[in-house]
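Below is the file run.pdb, which contains PDB, C-alpha atoms.
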```
ATOM      1  CA  MET A  17     -26.169 -19.753  62.599  1.00  0.00           C
ATOM      2  CA  ALA A  18     -26.410 -20.129  58.850  1.00  0.00           C
ATOM      3  CA  LEU A  19     -26.047 -17.070  56.626  1.00  0.00           C
ATOM      4  CA  SER A  20     -28.981 -16.053  54.625  1.00  0.00           C
ATOM      5  CA  ASP A  21     -28.772 -15.600  50.928  1.00  0.00           C
ATOM      6  CA  VAL A  22     -28.834 -11.840  51.424  1.00  0.00           C
ATOM      7  CA  ASP A  23     -25.880 -11.970  53.757  1.00  0.00           C
ATOM      8  CA  VAL A  24     -23.962 -14.173  51.351  1.00  0.00           C
ATOM      9  CA  GLN A  25     -24.644 -11.747  48.526  1.00  0.00           C
ATOM     10  CA  LYS A  26     -23.470  -8.836  50.687  1.00  0.00           C
ATOM     11  CA  GLN A  27     -20.215 -10.593  51.546  1.00  0.00           C
ATOM     12  CA  ILE A  28     -19.639 -11.514  47.925  1.00  0.00           C
ATOM     13  CA  LYS A  29     -20.215  -7.896  46.865  1.00  0.00           C
ATOM     14  CA  HIS A  30     -17.923  -6.680  49.629  1.00  0.00           C
ATOM     15  CA  MET A  31     -15.193  -9.090  48.566  1.00  0.00           C
ATOM     16  CA  MET A  32     -15.620  -8.120  44.905  1.00  0.00           C
ATOM     17  CA  ALA A  33     -15.364  -4.443  45.792  1.00  0.00           C
ATOM     18  CA  PHE A  34     -12.201  -5.121  47.797  1.00  0.00           C
ATOM     19  CA  ILE A  35     -10.676  -7.136  44.954  1.00  0.00           C
ATOM     20  CA  GLU A  36     -11.622  -4.465  42.435  1.00  0.00           C
ATOM     21  CA  GLN A  37     -10.079  -1.764  44.623  1.00  0.00           C
ATOM     22  CA  GLU A  38      -6.894  -3.818  45.012  1.00  0.00           C
ATOM     23  CA  ALA A  39      -6.828  -4.394  41.279  1.00  0.00           C
ATOM     24  CA  ASN A  40      -7.329  -0.662  40.558  1.00  0.00           C
ATOM     25  CA  GLU A  41      -4.609   0.288  43.023  1.00  0.00           C
ATOM     26  CA  LYS A  42      -2.279  -2.312  41.538  1.00  0.00           C
ATOM     27  CA  ALA A  43      -3.047  -1.095  38.018  1.00  0.00           C
ATOM     28  CA  GLU A  44      -2.402   2.491  39.067  1.00  0.00           C
ATOM     29  CA  GLU A  45       0.861   1.403  40.656  1.00  0.00           C
ATOM     30  CA  ILE A  46       1.870  -0.435  37.477  1.00  0.00           C
ATOM     31  CA  ASP A  47       0.879   2.567  35.345  1.00  0.00           C
ATOM     32  CA  ALA A  48       2.863   4.932  37.549  1.00  0.00           C
ATOM     33  CA  LYS A  49       5.900   2.654  37.481  1.00  0.00           C
ATOM     34  CA  SER A  50       5.602   2.214  33.726  1.00  0.00           C
ATOM     35  CA  GLU A  51       5.314   5.975  33.280  1.00  0.00           C
ATOM     36  CA  GLU A  52       8.359   6.509  35.452  1.00  0.00           C
ATOM     37  CA  GLU A  53      10.368   3.873  33.584  1.00  0.00           C
ATOM     38  CA  PHE A  54       9.180   5.343  30.265  1.00  0.00           C
ATOM     39  CA  ASN A  55      10.266   8.832  31.296  1.00  0.00           C
ATOM     40  CA  ILE A  56      13.609   7.516  32.503  1.00  0.00           C
ATOM     41  CA  GLU A  57      14.176   5.604  29.257  1.00  0.00           C
ATOM     42  CA  LYS A  58      12.988   8.553  27.211  1.00  0.00           C
ATOM     43  CA  GLY A  59      15.366  10.846  29.077  1.00  0.00           C
ATOM     44  CA  ARG A  60      18.209   8.393  28.549  1.00  0.00           C
ATOM     45  CA  LEU A  61      17.498   8.139  24.820  1.00  0.00           C
ATOM     46  CA  VAL A  62      17.183  11.898  24.487  1.00  0.00           C
ATOM     47  CA  GLN A  63      20.468  12.415  26.318  1.00  0.00           C
ATOM     48  CA  THR A  64      22.159   9.736  24.208  1.00  0.00           C
ATOM     49  CA  GLN A  65      20.956  11.339  20.999  1.00  0.00           C
ATOM     50  CA  ARG A  66      21.921  14.787  22.276  1.00  0.00           C
ATOM     51  CA  LEU A  67      25.449  13.553  22.967  1.00  0.00           C
ATOM     52  CA  LYS A  68      25.617  11.932  19.531  1.00  0.00           C
ATOM     53  CA  ILE A  69      24.495  15.170  17.890  1.00  0.00           C
ATOM     54  CA  MET A  70      26.983  17.202  19.931  1.00  0.00           C
ATOM     55  CA  LYS A  71      29.808  14.819  18.999  1.00  0.00           C
ATOM     56  CA  TYR A  72      28.754  14.909  15.348  1.00  0.00           C
ATOM     57  CA  TYR A  73      28.802  18.705  15.173  1.00  0.00           C
ATOM     58  CA  GLU A  74      31.966  18.874  17.229  1.00  0.00           C
ATOM     59  CA  LYS A  75      33.610  16.525  14.707  1.00  0.00           C
ATOM     60  CA  LYS A  76      32.248  18.588  11.828  1.00  0.00           C
ATOM     61  CA  GLU A  77      33.529  21.775  13.432  1.00  0.00           C
ATOM     62  CA  LYS A  78      36.998  20.268  13.788  1.00  0.00           C
ATOM     63  CA  GLN A  79      36.911  19.083  10.175  1.00  0.00           C
ATOM     64  CA  ILE A  80      35.901  22.532   8.962  1.00  0.00           C
ATOM     65  CA  GLU A  81      38.625  24.142  11.087  1.00  0.00           C
ATOM     66  CA  GLN A  82      41.178  21.687   9.696  1.00  0.00           C
ATOM     67  CA  GLN A  83      40.022  22.382   6.143  1.00  0.00           C
ATOM     68  CA  LYS A  84      40.371  26.118   6.791  1.00  0.00           C
ATOM     69  CA  LYS A  85      43.919  25.617   8.053  1.00  0.00           C
ATOM     70  CA  ILE A  86      44.800  23.503   5.015  1.00  0.00           C
ATOM     71  CA  GLN A  87      43.283  26.076   2.657  1.00  0.00           C
ATOM     72  CA  MET A  88      45.104  28.931   4.376  1.00  0.00           C
ATOM     73  CA  SER A  89      48.367  27.000   4.255  1.00  0.00           C
ATOM     74  CA  THR A  90      47.824  26.212   0.570  1.00  0.00           C
ATOM     75  CA  MET A  91      47.026  29.835  -0.209  1.00  0.00           C
ATOM     76  CA  ARG A  92      50.103  31.034   1.680  1.00  0.00           C
ATOM     77  CA  ASN A  93      52.318  28.533  -0.143  1.00  0.00           C
ATOM     78  CA  GLN A  94      50.843  29.513  -3.503  1.00  0.00           C
ATOM     79  CA  ALA A  95      51.374  33.187  -2.734  1.00  0.00           C
ATOM     80  CA  ARG A  96      54.947  32.511  -1.580  1.00  0.00           C
ATOM     81  CA  LEU A  97      55.687  30.487  -4.735  1.00  0.00           C
ATOM     82  CA  LYS A  98      54.166  33.233  -6.863  1.00  0.00           C
ATOM     83  CA  VAL A  99      56.437  35.804  -5.223  1.00  0.00           C
ATOM     84  CA  LEU A 100      59.473  33.543  -5.647  1.00  0.00           C
ATOM     85  CA  ARG A 101      58.636  32.972  -9.329  1.00  0.00           C
ATOM     86  CA  ALA A 102      58.243  36.702  -9.855  1.00  0.00           C
ATOM     87  CA  ARG A 103      61.592  37.323  -8.180  1.00  0.00           C
ATOM     88  CA  ASP A 104      63.291  34.606 -10.244  1.00  0.00           C
ATOM     89  CA  ASP A 105      61.750  36.036 -13.422  1.00  0.00           C
ATOM     90  CA  LEU A 106      63.077  39.476 -12.520  1.00  0.00           C
ATOM     91  CA  ILE A 107      66.576  38.118 -11.895  1.00  0.00           C
ATOM     92  CA  SER A 108      66.447  36.189 -15.194  1.00  0.00           C
ATOM     93  CA  GLU A 109      65.458  39.377 -17.001  1.00  0.00           C
ATOM     94  CA  LEU A 110      68.341  41.251 -15.373  1.00  0.00           C
ATOM     95  CA  LEU A 111      70.818  38.516 -16.350  1.00  0.00           C
ATOM     96  CA  SER A 112      69.466  38.472 -19.908  1.00  0.00           C
ATOM     97  CA  ASP A 113      69.867  42.236 -20.070  1.00  0.00           C
ATOM     98  CA  ALA A 114      73.417  41.906 -18.715  1.00  0.00           C
ATOM     99  CA  LYS A 115      74.252  39.364 -21.450  1.00  0.00           C
ATOM    100  CA  LEU A 116      72.995  41.778 -24.077  1.00  0.00           C
ATOM    101  CA  ARG A 117      75.240  44.461 -22.625  1.00  0.00           C
ATOM    102  CA  LEU A 118      78.273  42.209 -23.144  1.00  0.00           C
ATOM    103  CA  SER A 119      78.230  43.315 -26.767  1.00  0.00           C
ATOM    104  CA  GLY A 120      79.417  46.713 -25.555  1.00  0.00           C
ATOM    105  CA  ILE A 121      82.648  45.129 -24.309  1.00  0.00           C
ATOM    106  CA  VAL A 122      83.265  43.342 -27.598  1.00  0.00           C
ATOM    107  CA  ALA A 123      82.565  46.504 -29.572  1.00  0.00           C
ATOM    108  CA  ASP A 124      85.748  48.144 -28.216  1.00  0.00           C
ATOM    109  CA  PRO A 125      88.730  46.268 -29.746  1.00  0.00           C
ATOM    110  CA  ALA A 126      91.246  47.505 -27.181  1.00  0.00           C
ATOM    111  CA  ILE A 127      89.120  46.518 -24.202  1.00  0.00           C
ATOM    112  CA  TYR A 128      88.130  43.196 -25.772  1.00  0.00           C
ATOM    113  CA  GLN A 129      91.732  42.330 -26.679  1.00  0.00           C
ATOM    114  CA  GLY A 130      92.838  42.931 -23.090  1.00  0.00           C
ATOM    115  CA  LEU A 131      89.990  40.754 -21.844  1.00  0.00           C
ATOM    116  CA  LEU A 132      90.843  37.940 -24.267  1.00  0.00           C
ATOM    117  CA  ASP A 133      94.491  38.060 -23.114  1.00  0.00           C
ATOM    118  CA  LYS A 134      93.342  37.433 -19.541  1.00  0.00           C
ATOM    119  CA  LEU A 135      90.751  34.781 -20.461  1.00  0.00           C
ATOM    120  CA  VAL A 136      93.228  32.743 -22.516  1.00  0.00           C
ATOM    121  CA  LEU A 137      95.925  32.897 -19.826  1.00  0.00           C
ATOM    122  CA  GLN A 138      93.462  31.970 -17.097  1.00  0.00           C
ATOM    123  CA  GLY A 139      92.159  29.057 -19.178  1.00  0.00           C
ATOM    124  CA  LEU A 140      95.677  27.684 -19.692  1.00  0.00           C
ATOM    125  CA  LEU A 141      96.490  28.001 -15.984  1.00  0.00           C
ATOM    126  CA  ARG A 142      93.284  26.228 -15.003  1.00  0.00           C
ATOM    127  CA  LEU A 143      93.884  23.468 -17.545  1.00  0.00           C
ATOM    128  CA  LEU A 144      97.642  22.928 -16.849  1.00  0.00           C
ATOM    129  CA  GLU A 145      98.046  20.593 -19.820  1.00  0.00           C
ATOM    130  CA  PRO A 146     101.146  20.353 -22.061  1.00  0.00           C
ATOM    131  CA  VAL A 147      98.955  20.752 -25.153  1.00  0.00           C
ATOM    132  CA  ALA A 148      95.892  22.990 -25.269  1.00  0.00           C
ATOM    133  CA  ILE A 149      93.290  23.763 -27.915  1.00  0.00           C
ATOM    134  CA  VAL A 150      91.594  27.161 -27.892  1.00  0.00           C
ATOM    135  CA  ARG A 151      88.250  27.754 -29.552  1.00  0.00           C
ATOM    136  CA  CYS A 152      86.622  31.107 -30.207  1.00  0.00           C
ATOM    137  CA  ARG A 153      84.140  32.811 -32.476  1.00  0.00           C
ATOM    138  CA  PRO A 154      85.265  32.918 -36.114  1.00  0.00           C
ATOM    139  CA  GLN A 155      85.335  36.717 -36.029  1.00  0.00           C
ATOM    140  CA  ASP A 156      87.721  36.603 -33.037  1.00  0.00           C
ATOM    141  CA  LEU A 157      90.421  34.382 -34.581  1.00  0.00           C
ATOM    142  CA  LEU A 158      93.003  37.109 -35.054  1.00  0.00           C
ATOM    143  CA  LEU A 159      92.431  38.586 -31.612  1.00  0.00           C
ATOM    144  CA  VAL A 160      92.641  35.159 -29.948  1.00  0.00           C
ATOM    145  CA  GLU A 161      95.818  34.224 -31.845  1.00  0.00           C
ATOM    146  CA  ALA A 162      97.407  37.431 -30.545  1.00  0.00           C
ATOM    147  CA  ALA A 163      96.163  36.608 -27.031  1.00  0.00           C
ATOM    148  CA  VAL A 164      97.678  33.108 -27.247  1.00  0.00           C
ATOM    149  CA  GLN A 165     101.092  34.452 -28.291  1.00  0.00           C
ATOM    150  CA  LYS A 166     101.041  36.825 -25.343  1.00  0.00           C
ATOM    151  CA  ALA A 167      99.752  34.196 -22.876  1.00  0.00           C
ATOM    152  CA  ILE A 168     102.336  31.465 -23.588  1.00  0.00           C
ATOM    153  CA  PRO A 169     105.373  33.167 -22.034  1.00  0.00           C
ATOM    154  CA  GLU A 170     103.313  34.409 -19.102  1.00  0.00           C
ATOM    155  CA  TYR A 171     101.990  30.879 -18.555  1.00  0.00           C
ATOM    156  CA  MET A 172     105.489  29.370 -18.636  1.00  0.00           C
ATOM    157  CA  MET A 173     106.740  31.983 -16.171  1.00  0.00           C
ATOM    158  CA  VAL A 174     103.901  31.353 -13.711  1.00  0.00           C
ATOM    159  CA  SER A 175     103.607  27.549 -14.040  1.00  0.00           C
ATOM    160  CA  GLN A 176     107.256  26.750 -14.812  1.00  0.00           C
ATOM    161  CA  LYS A 177     105.928  24.423 -17.538  1.00  0.00           C
ATOM    162  CA  CYS A 178     106.019  24.416 -21.323  1.00  0.00           C
ATOM    163  CA  VAL A 179     102.813  24.457 -23.301  1.00  0.00           C
ATOM    164  CA  GLU A 180     101.797  24.076 -26.925  1.00  0.00           C
ATOM    165  CA  VAL A 181      98.659  26.013 -27.815  1.00  0.00           C
ATOM    166  CA  GLN A 182      96.605  25.485 -30.946  1.00  0.00           C
ATOM    167  CA  VAL A 183      93.844  27.841 -32.033  1.00  0.00           C
ATOM    168  CA  ASP A 184      91.118  25.666 -33.546  1.00  0.00           C
ATOM    169  CA  GLN A 185      90.618  26.756 -37.166  1.00  0.00           C
ATOM    170  CA  GLU A 186      87.780  24.345 -37.924  1.00  0.00           C
ATOM    171  CA  VAL A 187      85.490  24.215 -34.891  1.00  0.00           C
ATOM    172  CA  HIS A 188      84.363  27.558 -33.511  1.00  0.00           C
ATOM    173  CA  LEU A 189      82.038  29.024 -30.953  1.00  0.00           C
ATOM    174  CA  ALA A 190      78.708  30.222 -32.289  1.00  0.00           C
ATOM    175  CA  THR A 191      78.917  33.425 -34.291  1.00  0.00           C
ATOM    176  CA  ASN A 192      76.155  34.983 -32.171  1.00  0.00           C
ATOM    177  CA  ALA A 193      77.902  34.060 -28.899  1.00  0.00           C
ATOM    178  CA  ALA A 194      78.925  36.990 -26.715  1.00  0.00           C
ATOM    179  CA  GLY A 195      82.637  36.215 -27.000  1.00  0.00           C
ATOM    180  CA  GLY A 196      85.484  34.766 -24.988  1.00  0.00           C
ATOM    181  CA  VAL A 197      87.144  31.358 -25.405  1.00  0.00           C
ATOM    182  CA  GLU A 198      86.962  27.680 -24.523  1.00  0.00           C
ATOM    183  CA  VAL A 199      90.206  25.867 -23.731  1.00  0.00           C
ATOM    184  CA  TYR A 200      90.485  22.084 -24.185  1.00  0.00           C
ATOM    185  CA  SER A 201      93.031  19.414 -23.426  1.00  0.00           C
ATOM    186  CA  SER A 202      94.562  17.673 -26.453  1.00  0.00           C
ATOM    187  CA  ASN A 203      92.078  14.787 -26.218  1.00  0.00           C
ATOM    188  CA  GLN A 204      89.246  17.293 -25.591  1.00  0.00           C
ATOM    189  CA  ARG A 205      88.087  15.417 -22.487  1.00  0.00           C
ATOM    190  CA  ILE A 206      88.808  18.417 -20.266  1.00  0.00           C
ATOM    191  CA  LYS A 207      87.253  21.779 -21.020  1.00  0.00           C
ATOM    192  CA  VAL A 208      87.678  25.163 -19.396  1.00  0.00           C
ATOM    193  CA  SER A 209      84.862  27.481 -20.431  1.00  0.00           C
ATOM    194  CA  ASN A 210      85.957  31.092 -20.370  1.00  0.00           C
ATOM    195  CA  THR A 211      83.267  32.515 -22.608  1.00  0.00           C
ATOM    196  CA  LEU A 212      81.731  35.818 -21.622  1.00  0.00           C
ATOM    197  CA  GLU A 213      78.412  34.052 -20.956  1.00  0.00           C
ATOM    198  CA  SER A 214      80.004  31.466 -18.634  1.00  0.00           C
ATOM    199  CA  ARG A 215      81.942  34.167 -16.778  1.00  0.00           C
ATOM    200  CA  LEU A 216      78.743  36.165 -16.323  1.00  0.00           C
ATOM    201  CA  ASP A 217      76.880  33.069 -15.080  1.00  0.00           C
ATOM    202  CA  LEU A 218      79.682  32.292 -12.603  1.00  0.00           C
ATOM    203  CA  LEU A 219      79.738  35.879 -11.368  1.00  0.00           C
ATOM    204  CA  ALA A 220      75.954  35.897 -11.039  1.00  0.00           C
ATOM    205  CA  GLN A 221      76.096  32.680  -8.993  1.00  0.00           C
ATOM    206  CA  GLN A 222      78.780  34.061  -6.695  1.00  0.00           C
ATOM    207  CA  LYS A 223      77.008  37.385  -6.270  1.00  0.00           C
ATOM    208  CA  MET A 224      73.457  36.019  -6.097  1.00  0.00           C
ATOM    209  CA  PRO A 225      73.066  36.643  -2.327  1.00  0.00           C
ATOM    210  CA  ASP A 226      74.101  40.263  -2.812  1.00  0.00           C
ATOM    211  CA  ILE A 227      71.860  40.620  -5.875  1.00  0.00           C
ATOM    212  CA  ARG A 228      68.830  39.267  -4.021  1.00  0.00           C
ATOM    213  CA  LYS A 229      69.565  41.410  -0.990  1.00  0.00           C
ATOM    214  CA  ALA A 230      69.869  44.522  -3.142  1.00  0.00           C
ATOM    215  CA  LEU A 231      66.622  43.762  -4.982  1.00  0.00           C
ATOM    216  CA  PHE A 232      64.423  42.275  -2.265  1.00  0.00           C
ATOM    217  CA  GLY A 233      66.116  43.040   1.043  1.00  0.00           C
ATOM    218  CA  ALA A 234      67.652  40.636   3.549  1.00  0.00           C
ATOM    219  CA  ASN A 235      65.913  37.298   4.028  1.00  0.00           C
ATOM    220  CA  ALA A 236      66.972  35.329   7.096  1.00  0.00           C
ATOM    221  CA  ASN A 237      65.127  32.234   5.865  1.00  0.00           C
ATOM    222  CA  ARG A 238      67.115  31.973   2.656  1.00  0.00           C
ATOM    223  CA  LYS A 239      70.758  30.977   2.508  1.00  0.00           C
ATOM    224  CA  PHE A 240      73.112  30.401  -0.394  1.00  0.00           C
ATOM    225  CA  PHE A 241      76.036  28.074  -0.504  1.00  0.00           C
ATOM    226  CA  ILE A 242      78.748  28.604  -3.046  1.00  0.00           C
TER     227      ILE A 242
END
```
This entry written out as structure tokens:
Amino acid sequence: MALSDVDVQKQIKHMMAFIEQEANEKAEEIDAKSEEEFNIEKGRLVQTQRLKIMKYYEKKEKQIEQQKKIQMSTMRNQARLKVLRARDDLISELLSDAKLRLSGIVADPAIYQGLLDKLVLQGLLRLLEPVAIVRCRPQDLLLVEAAVQKAIPEYMMVSQKCVEVQVDQEVHLATNAAGGVEVYSSNQRIKVSNTLESRLDLLAQQKMPDIRKALFGANANRKFFI
């Protein structure tokens, strides 16, 4: 039995409604899937950026902490150097004051003559040359000549050697020097410095650990080798 036009139109409408419903459902499914994928991707991007930000600030925090450590270390070193400079300045002032006080020894002729006797003899014994040249301040010439005359027999007795000693009449130590003598070999290549300044410097070097301990207390981190 043939379908009437009305029946054909009904079937066409029914089929169109079915297709439209399928299309709507498919579109909704696609939209839902797209939304889900979008949310997943968005979450992934957000998490990625969050991790990047966290790493960035973590790196910055470490850099700041490192800078703080460097600054603290620099400040500690600067403070330590400042203390060391202050201590060295104090010791230099004390040594300078001690050198000024040497004039008190020279001011007493008896004490100074006895000291010159010992300095000349010690210089000859350290030099151990057959010919020696002794230099002194111009104002000490007479005292040194007397010290040389006394030192020669004592030197010969101790060393069992002869010695010829010349007191330099042309070249002298500086007039403003503290005092004492310098003893040279005949060719002047060997020198024994027994000036009061050199003796004070040597004593200061030998006693420096005790000086620092007396002034600043014991320091286990600082050692001296003599």
Just need the box for segment 53-71 of chain A, edges along x, y and z, holding every atom the file lists for it with 3 Å tacked onto each side, so centre and edge lengths in Å to one decimal, as AutoDock Vina command-line options.
```
--center_x 19.5 --center_y 10.5 --center_z 25.7 --size_x 26.6 --size_y 19.3 --size_z 21.7
```
Q. Which distance in Å separates atom CA of Ala190 of chain A and atom CA of Leu157 of chain A, to one decimal?
A.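 So the answer is 12.6 Å.
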ask   = Which distance in Å separates atom CA of Lys134 of chain A and atom CA of Val164 of chain A, to one decimal?
value =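 Computing it gives 9.8 Å between the two atoms.
Going from atom CA of Leu132 of chain A to atom CA of Ala194 of chain A covers 12.2 Å.
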- request: Could you state which residues are captured by the PyMOL selection byres ((chain A and resi 215) around 12) in this file, as a PyMOL selection string?
  value: chain A and resi 111+114-115+118+131+135+138-139+194-198+208-214+216-222
Practice item. Extract, using all atoms listed in the file, all DNA, RNA and protein residues at most 8 Å from Ile168 of chain A, discarding same-chain residues fewer than 4 positions from it, and format them as a list in words. Key: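 Residues near the query, excluding close chain neighbours: Leu137, Val164, Met172, Val179 and Val181 of chain A.
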